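Asks: Contents are mmCIF, C-alpha atoms; file name input33.cif:
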```cif
data_protein
#
loop_
_atom_site.label_atom_id
_atom_site.label_comp_id
_atom_site.auth_asym_id
_atom_site.auth_seq_id
_atom_site.Cartn_x
_atom_site.Cartn_y
_atom_site.Cartn_z
CA MET A 1 117.53 87.89 123.55
CA LYS A 2 120.86 87.13 125.17
CA GLU A 3 123.79 89.25 124.06
CA SER A 4 125.77 86.10 123.31
CA GLU A 5 123.20 85.38 120.58
CA ILE A 6 124.62 88.25 118.54
CA ALA A 7 127.57 87.62 116.25
CA ILE A 8 129.78 89.96 114.26
CA VAL A 9 131.03 88.22 111.11
CA ILE A 10 134.17 89.66 109.53
CA PRO A 11 135.44 88.32 106.20
CA LEU A 12 139.19 88.84 106.08
CA TYR A 13 141.61 88.91 103.19
CA ASN A 14 145.06 90.51 103.32
CA GLU A 15 144.41 93.25 105.87
CA GLU A 16 147.51 92.84 108.06
CA SER A 17 148.01 96.57 108.50
CA VAL A 18 144.49 97.37 109.76
CA ILE A 19 142.98 94.20 111.22
CA ASP A 20 144.51 94.75 114.68
CA HIS A 21 142.85 98.13 114.96
CA VAL A 22 139.48 96.84 113.71
CA LEU A 23 139.44 93.90 116.13
CA SER A 24 140.72 95.94 119.10
CA GLU A 25 137.86 98.38 118.59
CA LEU A 26 135.25 95.62 118.28
CA THR A 27 136.44 93.43 121.17
CA GLY A 28 136.77 96.54 123.34
CA MET A 29 133.27 97.79 122.58
CA PHE A 30 131.46 94.43 122.33
CA PRO A 31 133.14 91.79 124.53
CA GLN A 32 129.75 90.14 125.03
CA TYR A 33 129.18 89.43 121.32
CA SER A 34 130.61 86.47 119.40
CA ILE A 35 133.11 87.91 116.95
CA ILE A 36 133.75 85.53 114.06
CA VAL A 37 136.64 86.23 111.70
CA VAL A 38 136.79 84.19 108.49
CA ASP A 39 140.21 84.38 106.90
CA ASP A 40 139.76 83.77 103.17
CA ASN A 41 143.25 82.32 102.80
CA SER A 42 145.17 85.58 103.19
CA THR A 43 148.64 85.56 101.71
CA ASP A 44 149.99 88.05 104.26
CA THR A 45 150.19 87.82 108.07
CA SER A 46 146.54 88.74 108.73
CA TYR A 47 145.82 85.31 110.24
CA GLN A 48 148.64 85.66 112.79
CA HIS A 49 147.39 89.12 113.75
CA VAL A 50 143.90 87.77 114.50
CA LEU A 51 145.36 85.16 116.87
CA ASN A 52 146.17 87.99 119.30
CA HIS A 53 142.49 88.87 119.78
CA SER A 54 139.69 87.14 121.63
CA VAL A 55 137.61 86.07 118.63
CA TYR A 56 136.50 82.91 116.82
CA LEU A 57 138.86 82.35 113.94
CA LEU A 58 138.08 80.26 110.84
CA LYS A 59 140.30 79.82 107.82
CA HIS A 60 139.46 78.87 104.24
CA ILE A 61 142.21 76.64 102.89
CA ILE A 62 141.78 78.25 99.48
CA ASN A 63 140.59 81.73 98.51
CA LEU A 64 136.86 81.61 97.73
CA GLY A 65 135.74 85.23 97.90
CA GLN A 66 133.97 87.59 100.27
CA GLY A 67 130.49 86.10 99.74
CA ALA A 68 131.76 82.61 100.63
CA ALA A 69 133.56 83.94 103.72
CA LEU A 70 130.36 85.65 104.88
CA GLN A 71 128.33 82.47 104.42
CA THR A 72 130.95 80.45 106.35
CA GLY A 73 130.70 83.00 109.17
CA ILE A 74 126.89 82.87 109.13
CA GLU A 75 126.90 79.06 109.28
CA TYR A 76 129.34 79.11 112.18
CA ALA A 77 127.19 81.72 113.95
CA ARG A 78 124.25 79.30 113.64
CA GLU A 79 126.40 76.59 115.24
CA LEU A 80 127.03 78.99 118.14
CA ASN A 81 123.23 79.46 118.39
CA CYS A 82 123.44 83.12 117.39
CA LYS A 83 120.22 84.71 116.16
CA ILE A 84 121.53 88.02 114.84
CA VAL A 85 124.55 88.48 112.59
CA ILE A 86 126.30 91.77 111.85
CA THR A 87 128.42 91.73 108.70
CA PHE A 88 131.39 94.02 109.13
CA ASP A 89 134.31 94.80 106.78
CA SER A 90 137.85 94.10 107.90
CA ASP A 91 139.48 97.07 106.17
CA GLY A 92 138.50 99.68 108.75
CA GLN A 93 135.84 101.37 106.60
CA HIS A 94 133.04 100.72 109.06
CA ASP A 95 132.46 102.46 112.36
CA PRO A 96 131.46 100.09 115.23
CA LYS A 97 129.38 102.79 116.91
CA TYR A 98 126.57 101.98 114.44
CA ILE A 99 126.31 98.33 115.48
CA GLU A 100 123.86 98.85 118.34
CA PRO A 101 121.45 101.09 116.38
CA PHE A 102 121.46 98.35 113.70
CA ILE A 103 120.57 95.60 116.18
CA ALA A 104 117.76 97.45 117.96
CA PRO A 105 115.06 97.16 115.20
CA LEU A 106 115.75 93.43 114.90
CA GLN A 107 115.41 92.90 118.63
CA ASN A 108 112.21 94.95 118.71
CA ASN A 109 110.80 92.88 115.82
CA GLU A 110 110.49 95.94 113.58
CA ALA A 111 112.63 94.46 110.79
CA ASP A 112 114.41 91.27 109.71
CA ILE A 113 117.41 92.87 108.06
CA ILE A 114 119.06 96.28 108.39
CA LEU A 115 121.12 97.56 105.50
CA GLY A 116 123.75 100.22 105.99
CA SER A 117 123.64 103.26 103.74
CA ARG A 118 126.54 105.64 103.25
CA PHE A 119 124.23 108.06 101.46
CA LEU A 120 121.97 108.47 104.49
CA GLY A 121 124.94 109.02 106.76
CA THR A 122 128.20 110.85 106.35
CA THR A 123 130.88 109.65 104.01
CA GLU A 124 134.44 110.81 104.25
CA ASN A 125 136.54 111.34 101.10
CA MET A 126 134.38 109.37 98.66
CA PRO A 127 135.72 109.76 95.10
CA LEU A 128 133.23 110.99 92.49
CA GLN A 129 133.79 107.92 90.30
CA LYS A 130 132.89 105.64 93.23
CA LYS A 131 129.79 107.71 93.94
CA TYR A 132 128.44 107.33 90.41
CA LEU A 133 129.33 103.64 90.31
CA LEU A 134 127.30 103.09 93.49
CA LYS A 135 124.39 105.09 92.07
CA ALA A 136 124.48 102.91 88.94
CA SER A 137 124.52 99.73 91.04
CA ARG A 138 121.51 101.06 92.95
CA VAL A 139 119.58 101.32 89.67
CA PHE A 140 120.83 97.87 88.61
CA THR A 141 119.60 96.36 91.89
CA TRP A 142 116.23 98.07 91.49
CA MET A 143 115.89 96.72 87.94
CA THR A 144 116.80 93.16 88.93
CA THR A 145 114.99 92.90 92.27
CA GLY A 146 112.42 95.69 92.31
CA ILE A 147 113.87 97.00 95.59
CA LEU A 148 115.10 100.57 95.47
CA LEU A 149 117.73 101.31 98.08
CA THR A 150 119.90 104.37 98.61
CA ASP A 151 122.99 102.15 98.84
CA SER A 152 122.81 98.57 97.60
CA HIS A 153 126.48 97.62 98.01
CA ASN A 154 127.22 98.37 101.62
CA GLY A 155 128.90 95.58 103.57
CA PHE A 156 127.51 96.80 106.89
CA ARG A 157 124.33 94.83 107.64
CA ALA A 158 122.44 93.26 110.53
CA ILE A 159 120.54 90.08 109.70
CA HIS A 160 118.12 88.13 111.88
CA ILE A 161 119.24 84.64 110.86
CA GLY A 162 117.20 83.09 113.67
CA ARG A 163 113.96 83.97 111.88
CA PHE A 164 115.30 82.84 108.49
CA PRO A 165 117.01 79.45 108.72
CA ASN A 166 117.13 79.26 104.91
CA PHE A 167 119.04 82.55 104.51
CA GLU A 168 122.00 81.40 102.42
CA ILE A 169 124.50 83.26 100.26
CA ILE A 170 125.40 81.24 97.15
CA GLN A 171 127.52 83.83 95.30
CA ASN A 172 131.10 83.31 96.43
CA ARG A 173 132.52 86.61 95.23
CA MET A 174 131.38 90.23 95.23
CA ALA A 175 127.99 89.60 93.57
CA HIS A 176 126.74 88.48 96.99
CA ALA A 177 125.70 92.08 97.75
CA SER A 178 123.09 92.03 94.97
CA GLU A 179 122.20 88.45 95.86
CA ILE A 180 121.35 89.50 99.44
CA ILE A 181 118.83 92.02 98.09
CA ASN A 182 117.39 89.21 95.99
CA ILE A 183 117.15 87.00 99.10
CA ILE A 184 115.28 89.81 100.91
CA LYS A 185 112.71 89.71 98.13
CA GLU A 186 112.49 85.91 97.93
CA LEU A 187 112.17 85.37 101.69
CA LYS A 188 109.89 88.41 102.06
CA MET A 189 112.16 89.88 104.74
CA ARG A 190 111.24 93.19 106.32
CA TYR A 191 114.13 95.55 105.60
CA GLN A 192 115.22 98.97 106.75
CA GLU A 193 118.07 101.19 105.66
CA LYS A 194 120.08 102.96 108.32
CA ALA A 195 122.73 105.61 108.11
CA CYS A 196 126.33 104.61 108.64
CA THR A 197 129.62 106.32 108.06
CA ILE A 198 132.08 104.90 105.59
CA ARG A 199 135.66 106.01 106.14
CA TYR A 200 137.47 106.21 102.80
CA THR A 201 141.19 106.37 103.30
CA GLU A 202 144.03 106.06 100.84
CA TYR A 203 144.34 102.45 101.99
CA THR A 204 140.67 101.50 101.49
CA LEU A 205 140.48 103.25 98.13
CA LYS A 206 143.51 101.34 96.91
CA LYS A 207 141.84 98.06 97.87
CA GLY A 208 138.36 98.93 96.58
CA GLN A 209 136.55 97.52 93.55
CA SER A 210 137.67 98.74 90.15
CA MET A 211 135.31 99.79 87.35
CA TRP A 212 136.25 96.64 85.39
CA ASN A 213 135.53 94.39 88.31
CA SER A 214 131.98 95.71 88.48
CA ILE A 215 131.41 94.17 85.03
CA ASN A 216 132.57 90.82 86.43
CA ILE A 217 130.20 91.29 89.38
CA VAL A 218 127.21 91.86 87.07
CA LEU A 219 128.21 88.79 85.01
CA ASP A 220 128.64 86.67 88.16
CA TYR A 221 125.25 87.81 89.41
CA PHE A 222 123.38 86.85 86.24
CA LEU A 223 125.19 83.54 85.71
CA GLY A 224 124.80 82.66 89.39
CA ASN A 225 121.07 83.37 89.22
CA MET A 226 120.76 81.18 86.13
CA MET A 227 122.44 78.28 87.94
CA LYS A 228 120.33 78.50 91.09
CA MET B 1 142.46 67.32 46.72
CA ILE B 2 142.19 63.59 47.30
CA PHE B 3 145.05 63.83 49.79
CA ILE B 4 143.22 66.57 51.77
CA LYS B 5 140.02 64.51 51.81
CA PHE B 6 141.96 61.47 52.97
CA LEU B 7 143.63 63.55 55.70
CA LEU B 8 140.30 65.00 56.91
CA ILE B 9 138.65 61.57 56.98
CA THR B 10 141.62 60.14 58.91
CA ILE B 11 141.45 62.96 61.51
CA LEU B 12 137.67 62.59 61.77
CA THR B 13 137.93 58.81 62.23
CA ILE B 14 140.66 59.13 64.89
CA ILE B 15 138.53 61.66 66.84
CA PHE B 16 135.48 59.40 66.48
CA VAL B 17 137.34 56.29 67.66
CA ILE B 18 138.97 58.08 70.63
CA PHE B 19 135.63 59.65 71.61
CA SER B 20 133.74 56.34 71.32
CA PHE B 21 136.19 54.41 73.47
CA SER B 22 136.83 57.08 76.10
CA SER B 23 133.20 58.04 76.81
CA LYS B 24 130.42 56.04 78.40
CA LEU B 25 127.61 57.07 76.09
CA LYS B 26 123.96 56.13 76.25
CA ILE B 27 122.33 54.58 73.17
CA PHE B 28 120.75 57.82 71.91
CA GLN B 29 124.04 59.66 72.46
CA LYS B 30 125.85 56.97 70.45
CA LEU B 31 123.30 57.41 67.64
CA ILE B 32 123.90 61.18 67.59
CA VAL B 33 127.69 60.69 67.46
CA ILE B 34 127.45 58.05 64.68
CA SER B 35 125.02 60.22 62.68
CA GLY B 36 127.36 63.21 63.06
CA TYR B 37 130.32 61.12 61.95
CA LEU B 38 128.51 59.81 58.87
CA LEU B 39 127.22 63.28 57.96
CA VAL B 40 130.66 64.88 58.13
CA PHE B 41 132.10 61.85 56.26
CA ILE B 42 129.63 62.36 53.40
CA PHE B 43 130.24 66.12 53.34
CA ILE B 44 133.98 65.52 52.97
CA ILE B 45 133.56 62.93 50.21
CA ASN B 46 131.03 65.01 48.31
CA PRO B 47 130.81 68.68 49.47
CA SER B 48 127.90 69.42 47.12
CA TYR B 49 125.67 67.28 49.38
CA SER B 50 126.16 69.86 52.14
CA ASP B 51 124.53 72.47 49.85
CA GLU B 52 121.54 70.20 49.34
CA VAL B 53 121.17 69.59 53.07
CA ALA B 54 121.53 73.37 53.68
CA HIS B 55 118.73 74.09 51.21
CA LEU B 56 116.44 71.82 53.26
CA PHE B 57 116.83 74.34 56.11
CA SER B 58 116.55 77.37 53.77
CA ILE B 59 120.26 78.11 54.20
CA GLN B 60 122.05 79.27 51.04
CA SER B 61 125.22 77.20 51.11
CA GLY B 62 126.70 74.16 52.81
CA THR B 63 129.55 76.26 54.20
CA ASP B 64 127.05 78.48 56.02
CA LEU B 65 125.36 75.37 57.41
CA VAL B 66 128.66 74.06 58.74
CA VAL B 67 129.47 77.46 60.34
CA TYR B 68 126.04 77.57 62.05
CA ILE B 69 126.40 74.00 63.35
CA VAL B 70 129.90 74.69 64.69
CA LEU B 71 128.66 77.90 66.34
CA ALA B 72 125.71 76.12 67.98
CA LEU B 73 127.96 73.28 69.17
CA THR B 74 130.48 75.77 70.63
CA VAL B 75 127.75 77.57 72.59
CA LEU B 76 126.37 74.23 73.80
CA MET B 77 129.84 73.04 74.86
CA ASN B 78 130.41 76.31 76.74
CA ILE B 79 127.15 75.95 78.64
CA ILE B 80 127.91 72.30 79.51
CA LEU B 81 131.40 73.25 80.69
CA TYR B 82 130.08 76.22 82.71
CA VAL B 83 127.48 74.05 84.46
CA GLY B 84 130.13 71.44 85.25
CA GLN B 85 132.56 74.05 86.54
CA ASN B 86 129.85 75.67 88.62
CA ASN B 87 128.93 72.34 90.23
CA ASN B 88 132.60 71.68 91.00
CA ASN B 89 132.95 75.16 92.52
CA ARG B 90 129.96 74.54 94.78
CA MET B 91 131.39 71.24 95.96
CA ILE B 92 134.80 72.82 96.59
CA THR B 93 133.13 75.64 98.54
CA LYS B 94 131.28 73.08 100.67
CA ILE B 95 134.47 71.15 101.45
CA VAL B 96 136.46 74.32 102.26
CA ARG B 97 133.62 75.60 104.47
CA GLU B 98 133.28 72.35 106.41
CA ASN B 99 137.03 72.28 106.90
CA ALA B 100 137.02 75.88 108.17
CA LYS B 101 134.21 75.12 110.65
CA GLN B 102 135.87 71.93 111.90
CA HIS B 103 139.17 73.73 112.55
CA ALA B 104 137.61 76.89 114.03
CA LYS B 105 139.42 78.13 117.09
CA LYS B 106 138.80 80.67 119.80
CA SER B 107 141.95 82.74 119.74
CA ALA B 108 143.74 84.54 122.60
#
```
Take the structure in the file and write it out as structure tokens.

Replies:
Amino acid sequence: MKESEIAIVIPLYNEESVIDHVLSELTGMFPQYSIIVVDDNSTDTSYQHVLNHSVYLLKHIINLGQGAALQTGIEYARELNCKIVITFDSDGQHDPKYIEPFIAPLQNNEADIILGSRFLGTTENMPLQKKYLLKASRVFTWMTTGILLTDSHNGFRAIHIGRFPNFEIIQNRMAHASEIINIIKELKMRYQEKACTIRYTEYTLKKGQSMWNSINIVLDYFLGNMMK
Amino acid sequence: MIFIKFLLITILTIIFVIFSFSSKLKIFQKLIVISGYLLVFIFIINPSYSDEVAHLFSIQSGTDLVVYIVLALTVLMNIILYVGQNNNNRMITKIVRENAKQHAKKSA
């Protein structure tokens, strides 16, 4: 597989203070990969910041949500003839050094999707409340899909979209994480979990999901499944 | 009492007329709307009939029957609205996505 057939998809929303650092790291380490940034109609200057980097830049004219931004990035990666997509957060939580270990099993045909797990790796400064919320979502995912993961809501993934042309995220907002696990089951994808470090900083914690929002996510997930 | 009945019938008739003229209904839908109108009309004229109809369904009083019907209609309306909104959202997502892909640029 050519290295240009690998894309890194980054959904972006209001990350003007960190996006430069994230993209500098990625373009520096992986100049050979197609880096696709999907700006989900940021209200700050994030879009202008991205223009300074050598990446593909797409913009939603209205805010749709992270799931929709990911799907837009995946569809554009298909147009660029990419076979593997890495989904990577724009807030600086993810460490790019894990990208290559994530790609290797897909290239060696050992798996179709690699899911990042903060509980297999090291996690810096994770609040206790967040930890229990993630544990609860793990049980929820197991109950709804039958797949038991150590971390079901990690945005760091590697997906072999070349083997699965019908891989499609329908959930526009945060329920897409549970939906992806459901897709794994439906498409009978071979999955692996791999350790990755999540860097919790004051900034990322401030922007993270609240307890109340997780109720909305569960509701979105069930209603979205009903409408499929 | 007669004034209240007259007022209710007037409101009901106005809603019925507006609904009939503003919607393109199929024949069976028209029949449902006309039956509903007549039923409510009779219940307003003679409320004791609602008790008799309620008894047919083993419901104690006509008031309970009306509450159940309103509740069922509200749930049905919510589902119809949710489905419609969901379809619109999907179409909007498609348009926004196509627009984003068409205007994609390679920066720097």

Asks: Please check the contacts: residues of chain A at most 9 Å away from chain B, using all atoms listed in the file, listed as a compact mmCIF listing (two decimals) with C-alpha atoms, in the frame of the given file.

Replies:
```txt
# COMPACT_ATOMS: atom_id res chain seq x y z
CA VAL A 38 136.79 84.19 108.49
CA VAL A 50 143.90 87.77 114.50
CA LEU A 51 145.36 85.16 116.87
CA ASN A 52 146.17 87.99 119.30
CA HIS A 53 142.49 88.87 119.78
CA SER A 54 139.69 87.14 121.63
CA VAL A 55 137.61 86.07 118.63
CA TYR A 56 136.50 82.91 116.82
CA LEU A 57 138.86 82.35 113.94
CA LEU A 58 138.08 80.26 110.84
CA LYS A 59 140.30 79.82 107.82
CA HIS A 60 139.46 78.87 104.24
CA ILE A 61 142.21 76.64 102.89
CA ILE A 62 141.78 78.25 99.48
CA LEU A 64 136.86 81.61 97.73
CA ALA A 68 131.76 82.61 100.63
CA ALA A 69 133.56 83.94 103.72
CA GLN A 71 128.33 82.47 104.42
CA THR A 72 130.95 80.45 106.35
CA GLY A 73 130.70 83.00 109.17
CA GLU A 75 126.90 79.06 109.28
CA TYR A 76 129.34 79.11 112.18
CA ILE A 170 125.40 81.24 97.15
CA ASN A 172 131.10 83.31 96.43
CA GLY A 224 124.80 82.66 89.39
CA MET A 227 122.44 78.28 87.94
```

Asks: Between B:Val70, B:Phe16, B:Asn46, B:Glu52, which residue has the minimum interatomic distance to Ile32 (chain B), considering all atoms listed in the file?

Replies: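 Of the candidates, the smallest distance to Ile32 (chain B) is held by B:Phe16.
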
Asks: List as a list in words the protein and nucleic acid residues near Ile217 (chain A), meaning an atom at most 8 Å away when all atoms listed in the file are counted, but skip any in the same chain fewer than 4 places from it.

Replies: Arg173, Met174, Ala175, Asn213 and Tyr221 of chain A

Asks: For His160 (chain A), find every residue with an atom within 9 Å (counting only C-alpha atoms), except residues of its own chain fewer than 3 positions away, and show them as a ChimeraX atom specification.

Replies: /A:83-86,103,106-107,111-114,163-164

Asks: CA of Leu12 (chain A) to CA of His94 (chain A): how many Å, to one decimal?

Replies: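 Interatomic distance, CA of Leu12 (chain A) to CA of His94 (chain A): 13.7 Å.
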
Asks: One decimal, in Å: what's the spacing between CA of Ile183 (chain A) and CA of Gly162 (chain A)?

Replies: 15.1 Å

Asks: Translate the PyMOL selection byres ((chain A and resi 192) around 10) into a concrete residue list for this structure, as a compact mmCIF listing (two decimals) with C-alpha atoms, keeping the file's coordinate frame.

Replies:
```txt
# COMPACT_ATOMS: atom_id res chain seq x y z
CA PHE A 102 121.46 98.35 113.70
CA PRO A 105 115.06 97.16 115.20
CA LEU A 106 115.75 93.43 114.90
CA GLU A 110 110.49 95.94 113.58
CA ALA A 111 112.63 94.46 110.79
CA ASP A 112 114.41 91.27 109.71
CA ILE A 113 117.41 92.87 108.06
CA ILE A 114 119.06 96.28 108.39
CA LEU A 115 121.12 97.56 105.50
CA GLY A 116 123.75 100.22 105.99
CA SER A 117 123.64 103.26 103.74
CA LEU A 149 117.73 101.31 98.08
CA ALA A 158 122.44 93.26 110.53
CA MET A 189 112.16 89.88 104.74
CA ARG A 190 111.24 93.19 106.32
CA TYR A 191 114.13 95.55 105.60
CA GLU A 193 118.07 101.19 105.66
CA LYS A 194 120.08 102.96 108.32
```

Asks: Evaluate the PyMOL selection byres ((chain B and resi 36-38) around 12) here and jot the selected residues down as an MDAnalysis selection string.

Replies: chainID B and resid 8:17 19:20 29:35 39:45 66 69:70 73

Asks: Any idea what the distance is between CA of Lys130 (chain A) and CA of Glu202 (chain A)?

Replies: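 Separation of CA of Lys130 (chain A) and CA of Glu202 (chain A): 13.5 Å.
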
Asks: Report as an MDAnalysis selection string the full result of the PyMOL selection byres ((chain A and resi 156) around 7) when it is applied to this structure.

Replies: chainID A and resid 87:88 115:116 154:155 157

Asks: Would you mind exporting C-alpha atoms of the selected residues as a PDB file, keeping the file's coordinate frame?

Replies:
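Output file selection_38.pdb is given in full below:
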```pdb
ATOM      1  CA  THR A  87     128.420  91.730 108.700  1.00  0.00           C
ATOM      2  CA  PHE A  88     131.390  94.020 109.130  1.00  0.00           C
ATOM      3  CA  LEU A 115     121.120  97.560 105.500  1.00  0.00           C
ATOM      4  CA  GLY A 116     123.750 100.220 105.990  1.00  0.00           C
ATOM      5  CA  ASN A 154     127.220  98.370 101.620  1.00  0.00           C
ATOM      6  CA  GLY A 155     128.900  95.580 103.570  1.00  0.00           C
ATOM      7  CA  ARG A 157     124.330  94.830 107.640  1.00  0.00           C
TER       8      ARG A 157
END
```

Asks: Looking at B:Ile18, B:Ile2, B:Leu7, B:Ala54, which one is nearest to Tyr68 (chain B), with distances taken over all atoms listed in the file?

Replies: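 Among B:Ile18, B:Ile2, B:Leu7, B:Ala54, it is B:Ala54 that comes nearest to Tyr68 (chain B).
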
Asks: Nearest to Leu80 (chain A) among A:Phe140, A:Ser46, A:Gln129, A:Ala7, with distances taken over only C-alpha atoms: which residue is it?

Replies: A:Ala7

Asks: If you count all atoms listed in the file, which residues fall within 12 Å of Val139 (chain A), apart from same-chain ones fewer than 2 positions away, as a PyMOL selection string?

Replies: chain A and resi 132-137+141-153+178

Asks: Please, could you write that set of residues out with C-alpha atoms as a PDB file, in the coordinates of the input?

Replies:
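Full text of selection_3.pdb as output:
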```
ATOM      1  CA  TYR A 132     128.440 107.330  90.410  1.00  0.00           C
ATOM      2  CA  LEU A 133     129.330 103.640  90.310  1.00  0.00           C
ATOM      3  CA  LEU A 134     127.300 103.090  93.490  1.00  0.00           C
ATOM      4  CA  LYS A 135     124.390 105.090  92.070  1.00  0.00           C
ATOM      5  CA  ALA A 136     124.480 102.910  88.940  1.00  0.00           C
ATOM      6  CA  SER A 137     124.520  99.730  91.040  1.00  0.00           C
ATOM      7  CA  THR A 141     119.600  96.360  91.890  1.00  0.00           C
ATOM      8  CA  TRP A 142     116.230  98.070  91.490  1.00  0.00           C
ATOM      9  CA  MET A 143     115.890  96.720  87.940  1.00  0.00           C
ATOM     10  CA  THR A 144     116.800  93.160  88.930  1.00  0.00           C
ATOM     11  CA  THR A 145     114.990  92.900  92.270  1.00  0.00           C
ATOM     12  CA  GLY A 146     112.420  95.690  92.310  1.00  0.00           C
ATOM     13  CA  ILE A 147     113.870  97.000  95.590  1.00  0.00           C
ATOM     14  CA  LEU A 148     115.100 100.570  95.470  1.00  0.00           C
ATOM     15  CA  LEU A 149     117.730 101.310  98.080  1.00  0.00           C
ATOM     16  CA  THR A 150     119.900 104.370  98.610  1.00  0.00           C
ATOM     17  CA  ASP A 151     122.990 102.150  98.840  1.00  0.00           C
ATOM     18  CA  SER A 152     122.810  98.570  97.600  1.00  0.00           C
ATOM     19  CA  HIS A 153     126.480  97.620  98.010  1.00  0.00           C
ATOM     20  CA  SER A 178     123.090  92.030  94.970  1.00  0.00           C
TER      21      SER A 178
END
```
